[in-house]
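*Asks:* File follows, data_39.pdb with PDB, C-alpha atoms:
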```
ATOM      1  CA  MET A   1       0.374  10.977  18.790
ATOM      2  CA  LEU A   2      -0.849   8.055  20.861
ATOM      3  CA  ALA A   3      -3.411   6.699  18.398
ATOM      4  CA  PRO A   4      -0.916   5.730  15.647
ATOM      5  CA  VAL A   5       1.280   4.022  18.243
ATOM      6  CA  TYR A   6      -1.649   1.943  19.456
ATOM      7  CA  LEU A   7      -2.416   1.106  15.841
ATOM      8  CA  ARG A   8       1.160  -0.033  15.135
ATOM      9  CA  VAL A   9       1.200  -2.322  18.177
ATOM     10  CA  GLN A  10      -2.234  -3.666  17.239
ATOM     11  CA  ARG A  11      -4.054  -2.336  20.289
ATOM     12  CA  PHE A  12      -6.990  -1.592  18.046
ATOM     13  CA  SER A  13      -9.628  -0.791  20.669
ATOM     14  CA  ASP A  14      -7.250   1.671  22.316
ATOM     15  CA  ALA A  15      -6.455   3.163  18.909
ATOM     16  CA  VAL A  16     -10.170   3.634  18.166
ATOM     17  CA  ALA A  17     -10.667   5.446  21.472
ATOM     18  CA  ALA A  18      -7.559   7.575  20.955
ATOM     19  CA  TYR A  19      -8.558   8.574  17.403
ATOM     20  CA  ARG A  20     -12.079   9.451  18.537
ATOM     21  CA  ASN A  21     -10.657  11.577  21.354
ATOM     22  CA  ALA A  22      -8.189  13.253  18.999
ATOM     23  CA  ILE A  23     -10.999  14.126  16.584
ATOM     24  CA  ARG A  24     -13.145  15.433  19.426
ATOM     25  CA  LEU A  25     -10.365  17.464  21.049
ATOM     26  CA  ALA A  26      -8.112  18.519  18.163
ATOM     27  CA  GLY A  27     -10.622  18.546  15.316
ATOM     28  CA  ASP A  28     -11.337  16.538  12.237
ATOM     29  CA  SER A  29      -8.672  15.687   9.666
ATOM     30  CA  ALA A  30      -8.309  13.199   6.853
ATOM     31  CA  VAL A  31      -5.368  11.547   8.607
ATOM     32  CA  ARG A  32      -7.330  11.110  11.839
ATOM     33  CA  GLN A  33     -10.431   9.784  10.070
ATOM     34  CA  ALA A  34      -8.398   7.333   7.974
ATOM     35  CA  GLY A  35      -6.559   6.178  11.096
ATOM     36  CA  LEU A  36      -9.870   5.737  12.887
ATOM     37  CA  GLY A  37     -11.203   3.639  10.021
ATOM     38  CA  GLU A  38      -8.081   1.482  10.011
ATOM     39  CA  ALA A  39      -8.334   0.976  13.779
ATOM     40  CA  ILE A  40     -12.018   0.030  13.536
ATOM     41  CA  ALA A  41     -11.221  -2.466  10.768
ATOM     42  CA  GLY A  42      -8.314  -3.854  12.768
ATOM     43  CA  ALA A  43     -10.530  -4.337  15.813
ATOM     44  CA  ALA A  44     -12.936  -6.278  13.586
ATOM     45  CA  GLY A  45     -10.226  -8.652  12.372
ATOM     46  CA  GLY A  46      -9.682  -6.803   9.107
ATOM     47  CA  ILE A  47     -13.342  -6.467   8.166
ATOM     48  CA  VAL A  48     -14.180  -3.006   6.864
ATOM     49  CA  SER A  49     -17.480  -2.435   8.669
ATOM     50  CA  ALA A  50     -19.996   0.324   8.044
ATOM     51  CA  ASP A  51     -18.394   2.374  10.853
ATOM     52  CA  ALA A  52     -14.968   1.993   9.266
ATOM     53  CA  GLN A  53     -16.399   2.909   5.859
ATOM     54  CA  ASP A  54     -17.944   6.047   7.358
ATOM     55  CA  ALA A  55     -14.550   7.098   8.701
ATOM     56  CA  PHE A  56     -12.824   6.427   5.365
ATOM     57  CA  GLU A  57     -15.496   8.355   3.478
ATOM     58  CA  ALA A  58     -15.100  11.267   5.915
ATOM     59  CA  ALA A  59     -11.341  11.177   5.256
ATOM     60  CA  LEU A  60     -11.895  11.359   1.498
ATOM     61  CA  LYS A  61     -14.254  14.314   1.906
ATOM     62  CA  LEU A  62     -11.458  16.151   3.703
ATOM     63  CA  ASP A  63      -8.708  14.936   1.354
ATOM     64  CA  PRO A  64      -9.773  13.177  -1.865
ATOM     65  CA  ALA A  65      -6.182  11.967  -2.351
ATOM     66  CA  ASN A  66      -5.980  10.076   0.955
ATOM     67  CA  ALA A  67      -4.496   6.748  -0.141
ATOM     68  CA  LYS A  68      -5.310   4.871   3.072
ATOM     69  CA  ALA A  69      -9.007   5.709   2.801
ATOM     70  CA  SER A  70      -9.112   4.824  -0.898
ATOM     71  CA  PHE A  71      -7.327   1.529  -0.286
ATOM     72  CA  TYR A  72      -9.633   0.417   2.510
ATOM     73  CA  LEU A  73     -12.802   1.419   0.679
ATOM     74  CA  ALA A  74     -11.635  -0.812  -2.175
ATOM     75  CA  VAL A  75     -10.989  -3.577   0.376
ATOM     76  CA  ALA A  76     -14.606  -3.147   1.516
ATOM     77  CA  LEU A  77     -15.778  -3.633  -2.063
ATOM     78  CA  ALA A  78     -13.719  -6.825  -2.353
ATOM     79  CA  GLN A  79     -15.093  -8.101   0.967
ATOM     80  CA  GLU A  80     -18.591  -7.580  -0.411
ATOM     81  CA  GLY A  81     -17.687  -9.705  -3.448
ATOM     82  CA  ARG A  82     -17.587  -6.678  -5.746
ATOM     83  CA  ASN A  83     -14.179  -7.638  -7.124
ATOM     84  CA  LYS A  84     -14.355  -5.766 -10.434
ATOM     85  CA  GLU A  85     -15.298  -2.552  -8.639
ATOM     86  CA  ALA A  86     -12.533  -3.114  -6.089
ATOM     87  CA  THR A  87      -9.967  -3.663  -8.837
ATOM     88  CA  THR A  88     -11.129  -0.515 -10.618
ATOM     89  CA  ALA A  89     -10.872   1.455  -7.371
ATOM     90  CA  TRP A  90      -7.348   0.165  -6.656
ATOM     91  CA  GLN A  91      -6.241   0.941 -10.208
ATOM     92  CA  ALA A  92      -7.662   4.457  -9.943
ATOM     93  CA  MET A  93      -5.823   4.900  -6.646
ATOM     94  CA  LEU A  94      -2.561   3.678  -8.189
ATOM     95  CA  GLY A  95      -2.971   6.187 -10.991
ATOM     96  CA  THR A  96      -2.876   9.054  -8.509
ATOM     97  CA  LEU A  97       0.001   7.877  -6.306
ATOM     98  CA  PRO A  98       3.504   9.265  -6.645
ATOM     99  CA  PRO A  99       6.117   6.696  -7.738
ATOM    100  CA  ASP A 100       7.638   6.467  -4.249
ATOM    101  CA  SER A 101       4.347   6.018  -2.373
ATOM    102  CA  PRO A 102       4.358   3.155   0.141
ATOM    103  CA  TRP A 103       0.786   2.383  -0.954
ATOM    104  CA  ARG A 104       2.003   1.131  -4.342
ATOM    105  CA  SER A 105       3.135  -2.204  -2.914
TER     106      SER A 105
END
```
As structure tokens - that is how I would like this structure written.

*Replies:*
Amino acid sequence: MLAPVYLRVQRFSDAVAAYRNAIRLAGDSAVRQAGLGEAIAGAAGGIVSADAQDAFEAALKLDPANAKASFYLAVALAQEGRNKEATTAWQAMLGTLPPDSPWRS
């Protein structure tokens, strides 16, 4: 419960540590891995690093419909200058989201 709170208040390093501890103690989950990736990216000023990508990819292996992981992996593509691939990834993600998903905006 602590990791998402740290993430919301932008205490990214604390969120990274809390997510890693949660994964170690409570087990792996798509939500925890996606949160870890978001915290790692936040700590890097929004850059989706290789460590963050690893966490997002782990989240998608556990839940292929995880919108947060899909979104940030597309962000990584855009940050690498692969804009067409990023756009395609975002459009594919949008195609799977329910109409009321907060990830649509």

*Asks:* Identify, on the basis of all atoms listed in the file, every residue whose closest approach to A:Leu94 does not exceed 12 Å; exclude the query and any residue fewer than 2 positions from it along the same chain; express the result as a list in words.

*Replies:*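 The filter keeps Ala65, Asn66, Ala67, Lys68, Ser70, Phe71, Ala74, Thr87, Thr88, Ala89, Trp90, Gln91, Ala92, Thr96, Leu97, Pro98, Pro99, Asp100, Ser101, Pro102, Trp103, Arg104 and Ser105 of chain A.
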
*Asks:* Pull out every residue that the PyMOL selection byres ((chain A and resi 46) around 12) matches in the shown coordinates and put them as a list in words.

*Replies:*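 That expression, the PyMOL selection byres ((chain A and resi 46) around 12), corresponds here to Gln10, Phe12, Gly37, Glu38, Ala39, Ile40, Ala41, Gly42, Ala43, Ala44, Gly45, Ile47, Val48, Ser49, Ala52, Tyr72, Val75, Ala76 and Gln79 of chain A.
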
*Asks:* Since we have the selection now, will you write its residues out, keeping C-alpha atoms, as a compact mmCIF listing (two decimals), in the frame of the given file?

*Replies:*
```txt
# COMPACT_ATOMS: atom_id res chain seq x y z
CA GLN A 10 -2.23 -3.67 17.24
CA PHE A 12 -6.99 -1.59 18.05
CA GLY A 37 -11.20 3.64 10.02
CA GLU A 38 -8.08 1.48 10.01
CA ALA A 39 -8.33 0.98 13.78
CA ILE A 40 -12.02 0.03 13.54
CA ALA A 41 -11.22 -2.47 10.77
CA GLY A 42 -8.31 -3.85 12.77
CA ALA A 43 -10.53 -4.34 15.81
CA ALA A 44 -12.94 -6.28 13.59
CA GLY A 45 -10.23 -8.65 12.37
CA ILE A 47 -13.34 -6.47 8.17
CA VAL A 48 -14.18 -3.01 6.86
CA SER A 49 -17.48 -2.44 8.67
CA ALA A 52 -14.97 1.99 9.27
CA TYR A 72 -9.63 0.42 2.51
CA VAL A 75 -10.99 -3.58 0.38
CA ALA A 76 -14.61 -3.15 1.52
CA GLN A 79 -15.09 -8.10 0.97
```

*Asks:* Nearest to A:Leu36: which of A:Lys84, A:Arg8, A:Arg20, A:Lys61 is it, counting all atoms listed in the file?

*Replies:*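 When distances to A:Leu36 are compared using all atoms listed in the file, the smallest one comes from A:Arg20.
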
*Asks:* Take the PyMOL selection byres ((chain A and resi 3) around 7), apply it to the structure above, and return the hits as a list in words.

*Replies:*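 That expression, the PyMOL selection byres ((chain A and resi 3) around 7), corresponds here to Met1, Leu2, Pro4, Val5, Tyr6, Leu7, Ala15, Ala18 and Tyr19 of chain A.
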
*Asks:* On this structure, which residues satisfy the PyMOL selection byres ((chain A and resi 63) around 12), written as a count of residues only?

*Replies:* 21
